[in-house]
file entry-v1.pdb (PDB, C-alpha atoms)
ATOM      1  CA  MET A  19      55.410 -14.947-149.325  1.00  0.00           C
ATOM      2  CA  ALA A  20      58.553 -13.853-147.584  1.00  0.00           C
ATOM      3  CA  VAL A  21      58.367 -14.472-143.878  1.00  0.00           C
ATOM      4  CA  SER A  22      60.796 -12.647-141.683  1.00  0.00           C
ATOM      5  CA  GLN A  23      62.129 -14.880-138.971  1.00  0.00           C
ATOM      6  CA  PRO A  24      62.878 -13.130-135.691  1.00  0.00           C
ATOM      7  CA  ARG A  25      66.377 -13.694-134.409  1.00  0.00           C
ATOM      8  CA  LEU A  26      66.629 -15.398-131.072  1.00  0.00           C
ATOM      9  CA  GLU A  27      68.214 -13.164-128.475  1.00  0.00           C
ATOM     10  CA  LYS A  28      70.368 -15.978-127.140  1.00  0.00           C
ATOM     11  CA  GLU A  29      71.316 -17.328-130.555  1.00  0.00           C
ATOM     12  CA  SER A  30      74.894 -17.953-129.485  1.00  0.00           C
ATOM     13  CA  ASP A  31      73.897 -19.845-126.346  1.00  0.00           C
ATOM     14  CA  ASP A  32      74.997 -23.443-126.228  1.00  0.00           C
ATOM     15  CA  CYS A  33      72.097 -25.863-125.832  1.00  0.00           C
ATOM     16  CA  SER A  34      74.319 -28.740-124.802  1.00  0.00           C
ATOM     17  CA  LEU A  35      73.166 -30.537-121.680  1.00  0.00           C
ATOM     18  CA  LEU A  36      76.249 -32.714-121.439  1.00  0.00           C
ATOM     19  CA  PRO A  37      78.356 -30.292-119.343  1.00  0.00           C
ATOM     20  CA  LEU A  38      75.531 -30.001-116.811  1.00  0.00           C
ATOM     21  CA  VAL A  39      75.130 -33.769-116.619  1.00  0.00           C
ATOM     22  CA  HIS A  40      78.894 -34.077-116.150  1.00  0.00           C
ATOM     23  CA  ASP A  41      78.786 -31.571-113.268  1.00  0.00           C
ATOM     24  CA  ILE A  42      75.953 -33.512-111.643  1.00  0.00           C
ATOM     25  CA  ILE A  43      77.906 -36.765-111.864  1.00  0.00           C
ATOM     26  CA  LYS A  44      80.991 -35.100-110.386  1.00  0.00           C
ATOM     27  CA  CYS A  45      78.924 -33.775-107.471  1.00  0.00           C
ATOM     28  CA  MET A  46      77.456 -37.223-106.886  1.00  0.00           C
ATOM     29  CA  ASP A  47      80.934 -38.781-106.870  1.00  0.00           C
ATOM     30  CA  LYS A  48      82.100 -36.302-104.250  1.00  0.00           C
ATOM     31  CA  ASP A  49      78.929 -36.699-102.157  1.00  0.00           C
ATOM     32  CA  SER A  50      78.566 -32.943-102.480  1.00  0.00           C
ATOM     33  CA  GLN A  51      75.498 -31.014-101.422  1.00  0.00           C
ATOM     34  CA  ASP A  52      75.641 -29.087-104.695  1.00  0.00           C
ATOM     35  CA  VAL A  53      73.773 -31.860-106.522  1.00  0.00           C
ATOM     36  CA  HIS A  54      70.416 -30.150-106.003  1.00  0.00           C
ATOM     37  CA  GLN A  55      71.789 -26.879-107.348  1.00  0.00           C
ATOM     38  CA  GLU A  56      73.217 -28.619-110.421  1.00  0.00           C
ATOM     39  CA  LEU A  57      69.926 -30.484-110.970  1.00  0.00           C
ATOM     40  CA  ALA A  58      68.084 -27.155-110.827  1.00  0.00           C
ATOM     41  CA  LYS A  59      70.445 -25.768-113.496  1.00  0.00           C
ATOM     42  CA  LEU A  60      69.743 -28.786-115.699  1.00  0.00           C
ATOM     43  CA  LYS A  61      65.990 -28.412-115.221  1.00  0.00           C
ATOM     44  CA  ALA A  62      66.196 -24.696-116.120  1.00  0.00           C
ATOM     45  CA  LYS A  63      68.240 -25.476-119.243  1.00  0.00           C
ATOM     46  CA  ILE A  64      65.707 -28.105-120.363  1.00  0.00           C
ATOM     47  CA  GLN A  65      62.843 -25.658-119.787  1.00  0.00           C
ATOM     48  CA  GLU A  66      64.684 -22.988-121.802  1.00  0.00           C
ATOM     49  CA  ALA A  67      65.154 -25.449-124.664  1.00  0.00           C
ATOM     50  CA  ARG A  68      61.428 -26.310-124.587  1.00  0.00           C
ATOM     51  CA  GLU A  69      60.523 -22.625-124.793  1.00  0.00           C
ATOM     52  CA  GLN A  70      62.886 -22.064-127.713  1.00  0.00           C
ATOM     53  CA  ILE A  71      61.389 -25.020-129.564  1.00  0.00           C
ATOM     54  CA  SER A  72      57.826 -23.828-128.989  1.00  0.00           C
ATOM     55  CA  ASN A  73      58.781 -20.363-130.327  1.00  0.00           C
ATOM     56  CA  MET A  74      60.310 -21.690-133.552  1.00  0.00           C
ATOM     57  CA  PRO A  75      58.547 -20.492-136.702  1.00  0.00           C
ATOM     58  CA  GLY A  76      56.517 -23.189-138.429  1.00  0.00           C
ATOM     59  CA  ILE A  77      56.358 -25.492-135.409  1.00  0.00           C
ATOM     60  CA  GLU A  78      52.560 -25.381-135.555  1.00  0.00           C
ATOM     61  CA  SER A  79      52.545 -26.750-139.120  1.00  0.00           C
ATOM     62  CA  SER A  80      52.199 -30.452-139.732  1.00  0.00           C
ATOM     63  CA  PRO A  81      54.896 -32.296-141.712  1.00  0.00           C
ATOM     64  CA  ALA A  82      52.483 -32.582-144.645  1.00  0.00           C
ATOM     65  CA  GLU A  83      51.860 -28.818-144.596  1.00  0.00           C
ATOM     66  CA  GLN A  84      55.601 -28.170-144.460  1.00  0.00           C
ATOM     67  CA  GLN A  85      56.175 -30.490-147.444  1.00  0.00           C
ATOM     68  CA  GLN A  86      53.431 -28.703-149.389  1.00  0.00           C
ATOM     69  CA  GLN A  87      54.936 -25.307-148.584  1.00  0.00           C
ATOM     70  CA  LEU A  88      58.381 -26.566-149.610  1.00  0.00           C
ATOM     71  CA  ALA A  89      57.025 -27.842-152.930  1.00  0.00           C
ATOM     72  CA  THR A  90      55.327 -24.483-153.564  1.00  0.00           C
ATOM     73  CA  LEU A  91      58.503 -22.552-152.789  1.00  0.00           C
ATOM     74  CA  ARG A  92      60.588 -24.822-155.031  1.00  0.00           C
ATOM     75  CA  GLU A  93      58.130 -24.278-157.876  1.00  0.00           C
ATOM     76  CA  GLN A  94      58.384 -20.512-157.361  1.00  0.00           C
ATOM     77  CA  VAL A  95      62.178 -20.692-157.506  1.00  0.00           C
ATOM     78  CA  ARG A  96      62.023 -22.809-160.667  1.00  0.00           C
ATOM     79  CA  THR A  97      59.650 -20.310-162.319  1.00  0.00           C
ATOM     80  CA  LYS A  98      61.800 -17.334-161.332  1.00  0.00           C
ATOM     81  CA  ASN A  99      64.945 -19.032-162.640  1.00  0.00           C
ATOM     82  CA  GLN A 100      63.209 -19.690-165.956  1.00  0.00           C
ATOM     83  CA  LEU A 101      62.201 -16.031-166.165  1.00  0.00           C
ATOM     84  CA  LEU A 102      65.747 -14.932-165.403  1.00  0.00           C
ATOM     85  CA  GLN A 103      67.118 -17.155-168.142  1.00  0.00           C
ATOM     86  CA  LYS A 104      64.498 -15.806-170.547  1.00  0.00           C
ATOM     87  CA  TYR A 105      65.407 -12.184-169.778  1.00  0.00           C
ATOM     88  CA  LYS A 106      69.137 -12.916-170.045  1.00  0.00           C
ATOM     89  CA  SER A 107      68.664 -14.407-173.502  1.00  0.00           C
ATOM     90  CA  LEU A 108      66.719 -11.418-174.851  1.00  0.00           C
ATOM     91  CA  CYS A 109      68.521  -9.297-177.396  1.00  0.00           C
ATOM     92  CA  MET A 110      70.044  -6.360-175.599  1.00  0.00           C
ATOM     93  CA  PHE A 111      70.539  -3.093-177.433  1.00  0.00           C
ATOM     94  CA  ASP A 112      73.578  -0.942-176.875  1.00  0.00           C
ATOM     95  CA  VAL A 113      72.608   2.133-174.948  1.00  0.00           C
ATOM     96  CA  PRO A 114      74.731   5.167-175.836  1.00  0.00           C
ATOM     97  CA  LYS A 115      76.609   6.505-172.846  1.00  0.00           C
ATOM     98  CA  ALA A 116      76.031  10.122-171.957  1.00  0.00           C
ATOM     99  CA  SER A 117      79.306  12.033-171.987  1.00  0.00           C
TER
END
call {"tool": "encode", "arguments": {"input": "entry-v1.pdb", "output": "structure tokens"}}
result
Amino acid sequence: MAVSQPRLEKESDDCSLLPLVHDIIKCMDKDSQDVHQELAKLKAKIQEAREQISNMPGIESSPAEQQQQLATLREQVRTKNQLLQKYKSLCMFDVPKAS
């Protein structure tokens, strides 16, 4: 049940909107004509964030489904840990080394 999660191409991109909002406020203080350009940047950044969220794995699952999947995965881990402990406690025989 291993699901490979695709890496986002822009994983290192900063999703902070605060610098853009700060630039907009600075433009408004200066009565600059760049306000519309800065607003367009903010709108593009918000749209990009929406697209990233909609592409996240598992976003289509309800919270109840996610909780059920989490419980199943935890039970699998518990079972595998028990098996590991069982195999570690088995009597191991010395295997002669080939010279």
call {"tool": "residues_around", "arguments": {"input": "entry-v1.pdb", "residues": "segment 65-70 of chain A", "least_positions_apart": "4", "cutoff": "8 Å", "atoms": "all atoms listed in the file", "output": "VMD selection string"}}
result
chain A and resid 33 61 74
call {"tool": "resolve_selection", "arguments": {"input": "entry-v1.pdb", "expression": "the PyMOL selection byres ((chain A and resi 38-48) around 10)", "output": "number ranges by chain"}}
result
A: 34-37, 49-61, 63
call {"tool": "atom_distance", "arguments": {"input": "entry-v1.pdb", "atom1": "atom CA of Pro75 of chain A", "atom2": "atom CA of Leu88 of chain A"}}
result
14.3 Å
call {"tool": "atom_distance", "arguments": {"input": "entry-v1.pdb", "atom1": "atom CA of Glu83 of chain A", "atom2": "atom CA of Leu102 of chain A"}}
result
28.6 Å
call {"tool": "axis_aligned_box", "arguments": {"input": "entry-v1.pdb", "around": "segment 66-80 of chain A", "padding_each_side": "6 Å", "output": "JSON"}}
result
{"center_x": 58.7, "center_y": -25.4, "center_z": -130.8, "size_x": 25.0, "size_y": 22.1, "size_z": 29.9}
call {"tool": "atom_distance", "arguments": {"input": "entry-v1.pdb", "atom1": "atom CA of Tyr105 of chain A", "atom2": "atom CA of Gln86 of chain A"}}
result
28.8 Å
call {"tool": "build_atoms", "arguments": {"input": "entry-v1.pdb", "residues": "segment 27-57 of chain A", "atoms": "N, CA and C atoms", "output": "PDB file, keeping the file's coordinate frame"}}
result
ATOM      1  N   GLU A  27      67.303 -14.025-129.212  1.00  0.00           N
ATOM      2  CA  GLU A  27      68.214 -13.164-128.475  1.00  0.00           C
ATOM      3  C   GLU A  27      69.445 -13.937-128.024  1.00  0.00           C
ATOM      4  N   LYS A  28      69.269 -15.173-127.650  1.00  0.00           N
ATOM      5  CA  LYS A  28      70.368 -15.978-127.140  1.00  0.00           C
ATOM      6  C   LYS A  28      70.816 -16.965-128.204  1.00  0.00           C
ATOM      7  N   GLU A  29      70.967 -16.463-129.426  1.00  0.00           N
ATOM      8  CA  GLU A  29      71.316 -17.328-130.555  1.00  0.00           C
ATOM      9  C   GLU A  29      72.645 -18.034-130.343  1.00  0.00           C
ATOM     10  N   SER A  30      73.570 -17.373-129.664  1.00  0.00           N
ATOM     11  CA  SER A  30      74.894 -17.953-129.485  1.00  0.00           C
ATOM     12  C   SER A  30      74.966 -18.879-128.274  1.00  0.00           C
ATOM     13  N   ASP A  31      73.882 -18.973-127.518  1.00  0.00           N
ATOM     14  CA  ASP A  31      73.897 -19.845-126.346  1.00  0.00           C
ATOM     15  C   ASP A  31      74.047 -21.304-126.765  1.00  0.00           C
ATOM     16  N   ASP A  32      74.797 -22.022-125.979  1.00  0.00           N
ATOM     17  CA  ASP A  32      74.997 -23.443-126.228  1.00  0.00           C
ATOM     18  C   ASP A  32      73.842 -24.208-125.601  1.00  0.00           C
ATOM     19  N   CYS A  33      73.223 -25.086-126.343  1.00  0.00           N
ATOM     20  CA  CYS A  33      72.097 -25.863-125.832  1.00  0.00           C
ATOM     21  C   CYS A  33      72.535 -27.248-125.381  1.00  0.00           C
ATOM     22  N   SER A  34      73.816 -27.437-125.207  1.00  0.00           N
ATOM     23  CA  SER A  34      74.319 -28.740-124.802  1.00  0.00           C
ATOM     24  C   SER A  34      74.030 -28.997-123.334  1.00  0.00           C
ATOM     25  N   LEU A  35      73.482 -30.152-123.057  1.00  0.00           N
ATOM     26  CA  LEU A  35      73.166 -30.537-121.680  1.00  0.00           C
ATOM     27  C   LEU A  35      74.283 -31.370-121.063  1.00  0.00           C
ATOM     28  N   LEU A  36      75.189 -31.831-121.908  1.00  0.00           N
ATOM     29  CA  LEU A  36      76.249 -32.714-121.439  1.00  0.00           C
ATOM     30  C   LEU A  36      77.115 -32.109-120.338  1.00  0.00           C
ATOM     31  N   PRO A  37      77.549 -30.845-120.436  1.00  0.00           N
ATOM     32  CA  PRO A  37      78.356 -30.292-119.343  1.00  0.00           C
ATOM     33  C   PRO A  37      77.614 -30.271-118.003  1.00  0.00           C
ATOM     34  N   LEU A  38      76.313 -30.001-118.053  1.00  0.00           N
ATOM     35  CA  LEU A  38      75.531 -30.001-116.811  1.00  0.00           C
ATOM     36  C   LEU A  38      75.415 -31.412-116.224  1.00  0.00           C
ATOM     37  N   VAL A  39      75.204 -32.378-117.087  1.00  0.00           N
ATOM     38  CA  VAL A  39      75.130 -33.769-116.619  1.00  0.00           C
ATOM     39  C   VAL A  39      76.478 -34.185-116.024  1.00  0.00           C
ATOM     40  N   HIS A  40      77.555 -33.767-116.653  1.00  0.00           N
ATOM     41  CA  HIS A  40      78.894 -34.077-116.150  1.00  0.00           C
ATOM     42  C   HIS A  40      79.092 -33.479-114.759  1.00  0.00           C
ATOM     43  N   ASP A  41      78.666 -32.217-114.587  1.00  0.00           N
ATOM     44  CA  ASP A  41      78.786 -31.571-113.268  1.00  0.00           C
ATOM     45  C   ASP A  41      77.965 -32.297-112.208  1.00  0.00           C
ATOM     46  N   ILE A  42      76.802 -32.770-112.593  1.00  0.00           N
ATOM     47  CA  ILE A  42      75.953 -33.512-111.643  1.00  0.00           C
ATOM     48  C   ILE A  42      76.642 -34.804-111.221  1.00  0.00           C
ATOM     49  N   ILE A  43      77.215 -35.508-112.182  1.00  0.00           N
ATOM     50  CA  ILE A  43      77.906 -36.765-111.864  1.00  0.00           C
ATOM     51  C   ILE A  43      79.108 -36.509-110.963  1.00  0.00           C
ATOM     52  N   LYS A  44      79.853 -35.441-111.244  1.00  0.00           N
ATOM     53  CA  LYS A  44      80.991 -35.100-110.386  1.00  0.00           C
ATOM     54  C   LYS A  44      80.536 -34.805-108.962  1.00  0.00           C
ATOM     55  N   CYS A  45      79.440 -34.083-108.811  1.00  0.00           N
ATOM     56  CA  CYS A  45      78.924 -33.775-107.471  1.00  0.00           C
ATOM     57  C   CYS A  45      78.484 -35.051-106.751  1.00  0.00           C
ATOM     58  N   MET A  46      77.911 -35.975-107.500  1.00  0.00           N
ATOM     59  CA  MET A  46      77.456 -37.223-106.886  1.00  0.00           C
ATOM     60  C   MET A  46      78.654 -38.061-106.449  1.00  0.00           C
ATOM     61  N   ASP A  47      79.732 -38.036-107.236  1.00  0.00           N
ATOM     62  CA  ASP A  47      80.934 -38.781-106.870  1.00  0.00           C
ATOM     63  C   ASP A  47      81.564 -38.237-105.594  1.00  0.00           C
ATOM     64  N   LYS A  48      81.482 -36.945-105.416  1.00  0.00           N
ATOM     65  CA  LYS A  48      82.100 -36.302-104.250  1.00  0.00           C
ATOM     66  C   LYS A  48      81.155 -36.267-103.046  1.00  0.00           C
ATOM     67  N   ASP A  49      79.951 -36.783-103.200  1.00  0.00           N
ATOM     68  CA  ASP A  49      78.929 -36.699-102.157  1.00  0.00           C
ATOM     69  C   ASP A  49      78.713 -35.242-101.746  1.00  0.00           C
ATOM     70  N   SER A  50      78.713 -34.372-102.725  1.00  0.00           N
ATOM     71  CA  SER A  50      78.566 -32.943-102.480  1.00  0.00           C
ATOM     72  C   SER A  50      77.090 -32.581-102.323  1.00  0.00           C
ATOM     73  N   GLN A  51      76.865 -31.504-101.615  1.00  0.00           N
ATOM     74  CA  GLN A  51      75.498 -31.014-101.422  1.00  0.00           C
ATOM     75  C   GLN A  51      75.052 -30.139-102.594  1.00  0.00           C
ATOM     76  N   ASP A  52      75.949 -29.935-103.542  1.00  0.00           N
ATOM     77  CA  ASP A  52      75.641 -29.087-104.695  1.00  0.00           C
ATOM     78  C   ASP A  52      74.818 -29.813-105.755  1.00  0.00           C
ATOM     79  N   VAL A  53      74.504 -31.072-105.523  1.00  0.00           N
ATOM     80  CA  VAL A  53      73.773 -31.860-106.522  1.00  0.00           C
ATOM     81  C   VAL A  53      72.428 -31.207-106.822  1.00  0.00           C
ATOM     82  N   HIS A  54      71.740 -30.750-105.800  1.00  0.00           N
ATOM     83  CA  HIS A  54      70.416 -30.150-106.003  1.00  0.00           C
ATOM     84  C   HIS A  54      70.523 -28.864-106.832  1.00  0.00           C
ATOM     85  N   GLN A  55      71.569 -28.109-106.584  1.00  0.00           N
ATOM     86  CA  GLN A  55      71.789 -26.879-107.348  1.00  0.00           C
ATOM     87  C   GLN A  55      72.073 -27.213-108.812  1.00  0.00           C
ATOM     88  N   GLU A  56      72.894 -28.218-109.050  1.00  0.00           N
ATOM     89  CA  GLU A  56      73.217 -28.619-110.421  1.00  0.00           C
ATOM     90  C   GLU A  56      71.989 -29.195-111.130  1.00  0.00           C
ATOM     91  N   LEU A  57      71.156 -29.948-110.390  1.00  0.00           N
ATOM     92  CA  LEU A  57      69.926 -30.484-110.970  1.00  0.00           C
ATOM     93  C   LEU A  57      68.975 -29.344-111.348  1.00  0.00           C
TER      94      LEU A  57
END
